[in-house]
Amino acid sequence: RSLDELYRAAVAEGGRLVIYAGGDTATQQNGMATAFRARFPDIDLTVVVDYSKYHDVRVDNQLATDTLVPDVVQLQTLQDFTRWKHLGALLPYRPAGFSKVYRPFRDPDGAWTAVSVIGFSYLYDVAAAGADAPKSPYELADPRWKGRIASSYPHDDDAVLYLFSLYQQAYGWDWIAKFAAQQPQFNRGSHSPGVAVNAGQKAVGVGGSGSLTAPASAPTRWAVADGHPFMAWGQRAAILRGAAHPTAAKLYLNWALSAERQQGSFNGWSVRTDVTPAGGLKPVWEYGNAHVDGFPRFMEDRANVERLKQTFALYFGEVKGDPTPGSLGLHPGR
């Protein structure tokens, strides 16, 4: 069915859609929500943003208590999608454009598909860094950056944890110790490094998303260094089998994967193989140092993830602070 046919059917179904989306602030998905509402004004859309590690167990509890709220889950916790598929909790569905999605970014049975590409690396204030701007993550252990770095906690966010584990593999635990000696300002939420740098509080941020297509005149620069690690992944989305509004959920996935929507990606990368990345970029899976195939394997090995979390806590201290989206309880969006 076309988007317009699905739209009419979704309105007839009840005209409501609830999405649980991974993120760091309540307003993080406002751009997506505004675009969806503009295209489909008769759909009552609710987007609930929370850390993926809270959304996934929230959904588990809702399934266990027969109180399911969301129709769509769109999360960073990639291992949950393979687990939920095994449990029969996902509705197999192949939206238009599914066959054009990079193969490792989609489940062969249609249980889930990635709808966006997210990358984590480091960024810096161009003016504050000046001629000393770090040319790679390795340089962040140089004493010249002491007291000038903001970072999200690696042991609070699994994607940031993977980034730091790649740094450790490339540079060694001695580098991690030197980085800790820089007295970085740690905060919860992967948005926090960018907030600190953009506010002029710190010169460098580590463990946040960004774009290589930003104009040269931009005051901050999100950086990827040849031969040095960063990380990227396909943010997965799926329809829950018990969804109250499955047609609206199908409408959302078709819209999210549409070529028009993919071409408008904030960082220039698309999950589709037939959409040319913006700004002369290569497809994200052609960057070997992005480790796009390594992150799903990392997320499946929960024992290793837990060991690394506790190890980084020894270097950086325990996670402090309230969750940045707030404390949303068991059934937000109901």
# chains A, B, ... in the order shown; residues from 1 in each chain; ligands from 1

$ residues_around --residues "Asp142 in chain A" --least-positions-apart "5" --cutoff "10 Å" --atoms "only C-alpha atoms" --output "compact mmCIF listing (two decimals) with N, CA and C atoms, in the first residue's frame"
# COMPACT_ATOMS: atom_id res chain seq x y z
N PRO A 134 42.57 18.53 18.22
CA PRO A 134 43.00 17.13 18.22
C PRO A 134 42.76 16.48 16.86
N TRP A 175 46.23 4.30 28.07
CA TRP A 175 45.61 5.49 27.50
C TRP A 175 44.34 5.84 28.28
N LYS A 178 45.34 7.62 31.34
CA LYS A 178 45.75 8.99 31.04
C LYS A 178 44.54 9.87 30.75
N PHE A 179 43.55 9.30 30.06
CA PHE A 179 42.33 10.06 29.79
C PHE A 179 41.61 10.39 31.10
N ALA A 181 42.98 10.84 33.91
CA ALA A 181 43.79 11.87 34.58
C ALA A 181 43.53 13.27 34.01
N GLN A 182 42.88 13.35 32.85
CA GLN A 182 42.52 14.65 32.28
C GLN A 182 41.36 15.31 33.03

$ closest_atom_pairs --of "range 243-298 of chain A" --to "range 215-235 of chain A" --cutoff "12 Å" --atoms "only C-alpha atoms" --output "CSV"
residue,atom,partner,partner_atom,distance
A:Ala256,CA,A:Gln235,CA,11.6
A:Leu257,CA,A:Gln235,CA,12.0
A:Asn267,CA,A:Trp222,CA,10.5
A:Trp269,CA,A:Gly234,CA,10.1
A:Ser270,CA,A:Gly234,CA,9.0
A:Val271,CA,A:Gly234,CA,6.8
A:Arg272,CA,A:Gly234,CA,10.4
A:Gly279,CA,A:Pro215,CA,9.6
A:Leu281,CA,A:Val224,CA,12.0
A:Pro283,CA,A:Ala232,CA,11.2
A:Val284,CA,A:Ala232,CA,7.5
A:Trp285,CA,A:Ala232,CA,8.6
A:Glu286,CA,A:Ala232,CA,11.2
A:Tyr287,CA,A:Asp226,CA,9.2
A:Gly288,CA,A:Pro229,CA,8.6
A:Asn289,CA,A:Pro229,CA,4.8
A:Ala290,CA,A:Met231,CA,4.3
A:His291,CA,A:Met231,CA,5.6
A:Val292,CA,A:Trp233,CA,5.1
A:Asp293,CA,A:Trp233,CA,7.8
A:Gly294,CA,A:Met231,CA,8.8
A:Phe295,CA,A:Trp233,CA,6.8
A:Pro296,CA,A:Trp233,CA,8.0
A:Arg297,CA,A:Trp233,CA,11.3
A:Phe298,CA,A:Trp233,CA,11.5

$ closest_residue --among "A:Pro246, A:Gly110, A:Pro277, A:Gly172" --to "Ile19 in chain A" --atoms "only C-alpha atoms"
A:Pro246

$ residues_around --residues "Ala96 in chain A" --least-positions-apart "6" --cutoff "9 Å" --atoms "only C-alpha atoms" --output "mmCIF file with C-alpha atoms, in the first residue's frame"
data_model
loop_
_atom_site.group_PDB
_atom_site.id
_atom_site.type_symbol
_atom_site.label_atom_id
_atom_site.label_comp_id
_atom_site.auth_asym_id
_atom_site.auth_seq_id
_atom_site.Cartn_x
_atom_site.Cartn_y
_atom_site.Cartn_z
ATOM 1 C CA ARG A 1 0.000 0.000 0.000
ATOM 2 C CA SER A 2 1.104 3.533 -0.685
ATOM 3 C CA LEU A 253 7.970 2.464 9.123
ATOM 4 C CA ASN A 254 7.121 3.088 5.469
ATOM 5 C CA TRP A 255 7.521 6.822 5.981
ATOM 6 C CA LEU A 257 12.324 4.300 5.226
ATOM 7 C CA SER A 258 11.083 6.417 2.321
#

$ closest_atom_pairs --of "range 28-144 of chain A" --to "range 300-306 of chain A" --cutoff "9 Å" --atoms "only C-alpha atoms" --output "Markdown table"
| residue | atom | partner | partner_atom | distance |
| --- | --- | --- | --- | --- |
| A:Leu78 | CA | A:Glu300 | CA | 7.7 |
| A:Gln79 | CA | A:Glu300 | CA | 5.1 |
| A:Asp80 | CA | A:Glu300 | CA | 8.6 |
| A:Thr82 | CA | A:Glu300 | CA | 8.8 |

$ write_last_selection --atoms "N, CA, C and O atoms" --output "PDB file, in the first residue's frame"
ATOM      1  N   LEU A  78      20.274  -3.003  20.594  1.00  0.00           N
ATOM      2  CA  LEU A  78      20.044  -3.867  19.441  1.00  0.00           C
ATOM      3  C   LEU A  78      19.743  -5.300  19.835  1.00  0.00           C
ATOM      4  O   LEU A  78      18.988  -6.003  19.151  1.00  0.00           O
ATOM      5  N   GLN A  79      20.310  -5.754  20.942  1.00  0.00           N
ATOM      6  CA  GLN A  79      20.111  -7.136  21.358  1.00  0.00           C
ATOM      7  C   GLN A  79      18.660  -7.425  21.721  1.00  0.00           C
ATOM      8  O   GLN A  79      18.217  -8.586  21.660  1.00  0.00           O
ATOM      9  N   ASP A  80      17.910  -6.416  22.086  1.00  0.00           N
ATOM     10  CA  ASP A  80      16.512  -6.647  22.455  1.00  0.00           C
ATOM     11  C   ASP A  80      15.678  -7.082  21.264  1.00  0.00           C
ATOM     12  O   ASP A  80      14.714  -7.845  21.414  1.00  0.00           O
ATOM     13  N   THR A  82      16.602  -8.955  18.636  1.00  0.00           N
ATOM     14  CA  THR A  82      16.775 -10.383  18.377  1.00  0.00           C
ATOM     15  C   THR A  82      16.100 -11.205  19.469  1.00  0.00           C
ATOM     16  O   THR A  82      15.508 -12.258  19.189  1.00  0.00           O
TER      17      THR A  82
END

$ atom_distance --atom1 "CA of Phe120 in chain A" --atom2 "CA of His55 in chain A"
20.7 Å

$ residues_around --residues "Tyr315 in chain A" --least-positions-apart "6" --cutoff "8 Å" --atoms "only C-alpha atoms" --output "compact mmCIF listing (two decimals) with all heavy atoms, in the first residue's frame"
# COMPACT_ATOMS: atom_id res chain seq x y z
N ILE A 176 43.56 4.84 28.64
CA ILE A 176 42.34 5.08 29.43
C ILE A 176 42.71 5.75 30.76
O ILE A 176 42.04 6.70 31.20
CB ILE A 176 41.56 3.78 29.67
CG1 ILE A 176 41.10 3.16 28.33
CG2 ILE A 176 40.39 4.02 30.61
CD1 ILE A 176 40.06 3.98 27.59
N ALA A 177 43.78 5.28 31.39
CA ALA A 177 44.22 5.90 32.65
C ALA A 177 44.64 7.34 32.43
O ALA A 177 44.34 8.22 33.25
CB ALA A 177 45.36 5.08 33.25
N ALA A 180 41.55 9.43 32.01
CA ALA A 180 40.92 9.69 33.32
C ALA A 180 41.66 10.80 34.06
O ALA A 180 41.04 11.61 34.77
CB ALA A 180 40.90 8.41 34.14

$ residues_around --residues "Gly333 in chain A" --least-positions-apart "4" --cutoff "10 Å" --atoms "only C-alpha atoms" --output "list in words"
Leu17, Val18, Ile19, Tyr20, Leu45, Thr46, Val47, Val48, Val49, Val69, Pro70 and Leu328 of chain A

$ write_last_selection --atoms "C-alpha atoms" --output "short mmCIF file (atom, residue, chain, number, x, y, z; two decimals), in the first residue's frame"
data_model
loop_
_atom_site.label_atom_id
_atom_site.label_comp_id
_atom_site.auth_asym_id
_atom_site.auth_seq_id
_atom_site.Cartn_x
_atom_site.Cartn_y
_atom_site.Cartn_z
CA LEU A 17 0.34 6.00 17.16
CA VAL A 18 2.67 5.60 20.16
CA ILE A 19 6.43 5.28 19.66
CA TYR A 20 8.99 4.52 22.35
CA LEU A 45 1.26 10.80 17.46
CA THR A 46 2.86 10.31 20.86
CA VAL A 47 6.65 9.92 21.00
CA VAL A 48 8.10 8.98 24.38
CA VAL A 49 11.88 9.49 24.62
CA VAL A 69 1.57 0.95 25.50
CA PRO A 70 3.80 1.49 22.41
CA LEU A 328 9.01 8.27 33.31
#

$ closest_residue --among "A:Arg103, A:Gly329, A:Leu251, A:Trp173" --to "Glu13 in chain A" --atoms "only C-alpha atoms"
A:Leu251

$ residues_around --residues "Val319 in chain A" --least-positions-apart "4" --cutoff "9 Å" --atoms "only C-alpha atoms" --output "list in words"
Tyr153, His155, Asp156, Phe186, Asn187, Arg188 and Ala313 of chain A

$ atom_distance --atom1 "CA of Gln28 in chain A" --atom2 "CA of Gly242 in chain A"
26.2 Å

$ closest_residue --among "A:Lys202, A:Lys135, A:Lys320, A:Lys100" --to "Ile149 in chain A" --atoms "only C-alpha atoms"
A:Lys202

$ atom_distance --atom1 "CA of Lys85 in chain A" --atom2 "CA of Ile239 in chain A"
10.6 Å

$ residues_around --residues "Leu161 in chain A" --least-positions-apart "2" --cutoff "10 Å" --atoms "only C-alpha atoms" --output "PyMOL selection string"
chain A and resi 152-159+163-167+207+298+305+308-309+312

$ write_last_selection --atoms "N, CA and C atoms" --output "PDB file, in the first residue's frame"
ATOM      1  N   SER A 152      30.259  11.855  27.903  1.00  0.00           N
ATOM      2  CA  SER A 152      29.175  11.078  28.476  1.00  0.00           C
ATOM      3  C   SER A 152      29.775   9.830  29.121  1.00  0.00           C
ATOM      4  N   TYR A 153      29.118   9.336  30.162  1.00  0.00           N
ATOM      5  CA  TYR A 153      29.628   8.156  30.866  1.00  0.00           C
ATOM      6  C   TYR A 153      29.592   6.926  29.959  1.00  0.00           C
ATOM      7  N   PRO A 154      30.723   6.264  29.749  1.00  0.00           N
ATOM      8  CA  PRO A 154      30.667   5.040  28.953  1.00  0.00           C
ATOM      9  C   PRO A 154      29.924   3.907  29.649  1.00  0.00           C
ATOM     10  N   HIS A 155      29.924   3.912  30.980  1.00  0.00           N
ATOM     11  CA  HIS A 155      29.266   2.822  31.706  1.00  0.00           C
ATOM     12  C   HIS A 155      27.799   3.122  31.986  1.00  0.00           C
ATOM     13  N   ASP A 156      27.257   4.154  31.312  1.00  0.00           N
ATOM     14  CA  ASP A 156      25.834   4.481  31.398  1.00  0.00           C
ATOM     15  C   ASP A 156      25.137   4.262  30.065  1.00  0.00           C
ATOM     16  N   ASP A 157      25.874   4.336  28.978  1.00  0.00           N
ATOM     17  CA  ASP A 157      25.338   4.261  27.619  1.00  0.00           C
ATOM     18  C   ASP A 157      26.156   3.231  26.858  1.00  0.00           C
ATOM     19  N   ASP A 158      25.509   2.168  26.389  1.00  0.00           N
ATOM     20  CA  ASP A 158      26.252   1.065  25.771  1.00  0.00           C
ATOM     21  C   ASP A 158      26.952   1.466  24.482  1.00  0.00           C
ATOM     22  N   ALA A 159      26.409   2.424  23.731  1.00  0.00           N
ATOM     23  CA  ALA A 159      27.092   2.861  22.505  1.00  0.00           C
ATOM     24  C   ALA A 159      28.362   3.624  22.847  1.00  0.00           C
ATOM     25  N   LEU A 163      32.320   2.697  22.095  1.00  0.00           N
ATOM     26  CA  LEU A 163      33.321   3.641  21.604  1.00  0.00           C
ATOM     27  C   LEU A 163      34.563   3.603  22.481  1.00  0.00           C
ATOM     28  N   PHE A 164      34.393   3.656  23.793  1.00  0.00           N
ATOM     29  CA  PHE A 164      35.541   3.625  24.695  1.00  0.00           C
ATOM     30  C   PHE A 164      36.252   2.276  24.646  1.00  0.00           C
ATOM     31  N   SER A 165      35.511   1.202  24.422  1.00  0.00           N
ATOM     32  CA  SER A 165      36.173  -0.100  24.302  1.00  0.00           C
ATOM     33  C   SER A 165      37.029  -0.151  23.041  1.00  0.00           C
ATOM     34  N   LEU A 166      36.578   0.530  21.974  1.00  0.00           N
ATOM     35  CA  LEU A 166      37.396   0.616  20.758  1.00  0.00           C
ATOM     36  C   LEU A 166      38.648   1.445  21.011  1.00  0.00           C
ATOM     37  N   TYR A 167      38.502   2.539  21.775  1.00  0.00           N
ATOM     38  CA  TYR A 167      39.679   3.319  22.145  1.00  0.00           C
ATOM     39  C   TYR A 167      40.656   2.461  22.945  1.00  0.00           C
ATOM     40  N   GLY A 207      32.010  11.085  22.963  1.00  0.00           N
ATOM     41  CA  GLY A 207      30.880  10.190  23.158  1.00  0.00           C
ATOM     42  C   GLY A 207      29.554  10.796  22.795  1.00  0.00           C
ATOM     43  N   PHE A 298      28.765  -6.792  19.839  1.00  0.00           N
ATOM     44  CA  PHE A 298      29.090  -6.288  21.174  1.00  0.00           C
ATOM     45  C   PHE A 298      27.844  -6.272  22.047  1.00  0.00           C
ATOM     46  N   VAL A 305      29.670  -6.827  28.264  1.00  0.00           N
ATOM     47  CA  VAL A 305      29.217  -5.447  28.491  1.00  0.00           C
ATOM     48  C   VAL A 305      29.246  -5.113  29.977  1.00  0.00           C
ATOM     49  N   LEU A 308      32.821  -4.664  31.243  1.00  0.00           N
ATOM     50  CA  LEU A 308      33.398  -3.391  30.821  1.00  0.00           C
ATOM     51  C   LEU A 308      32.797  -2.212  31.595  1.00  0.00           C
ATOM     52  N   LYS A 309      31.500  -2.258  31.853  1.00  0.00           N
ATOM     53  CA  LYS A 309      30.878  -1.183  32.640  1.00  0.00           C
ATOM     54  C   LYS A 309      31.560  -1.040  33.995  1.00  0.00           C
ATOM     55  N   PHE A 312      35.201   0.336  33.635  1.00  0.00           N
ATOM     56  CA  PHE A 312      35.270   1.776  33.405  1.00  0.00           C
ATOM     57  C   PHE A 312      34.831   2.560  34.633  1.00  0.00           C
TER      58      PHE A 312
END

$ select_by_dssp --residues "range 254-296 of chain A" --states "helix (DSSP H, G or I)" --output "ChimeraX atom specification"
/A:254-257,259-263,278-280,284-286,288-290,294-296

$ select_by_dssp --residues "range 69-111 of chain A" --states "strand (DSSP E or B)" --output "PyMOL selection string"
chain A and resi 72-75+90+101+106

$ closest_residue --among "A:His245, A:Arg334, A:Arg144, A:Arg307" --to "Ala9 in chain A" --atoms "only C-alpha atoms"
A:His245
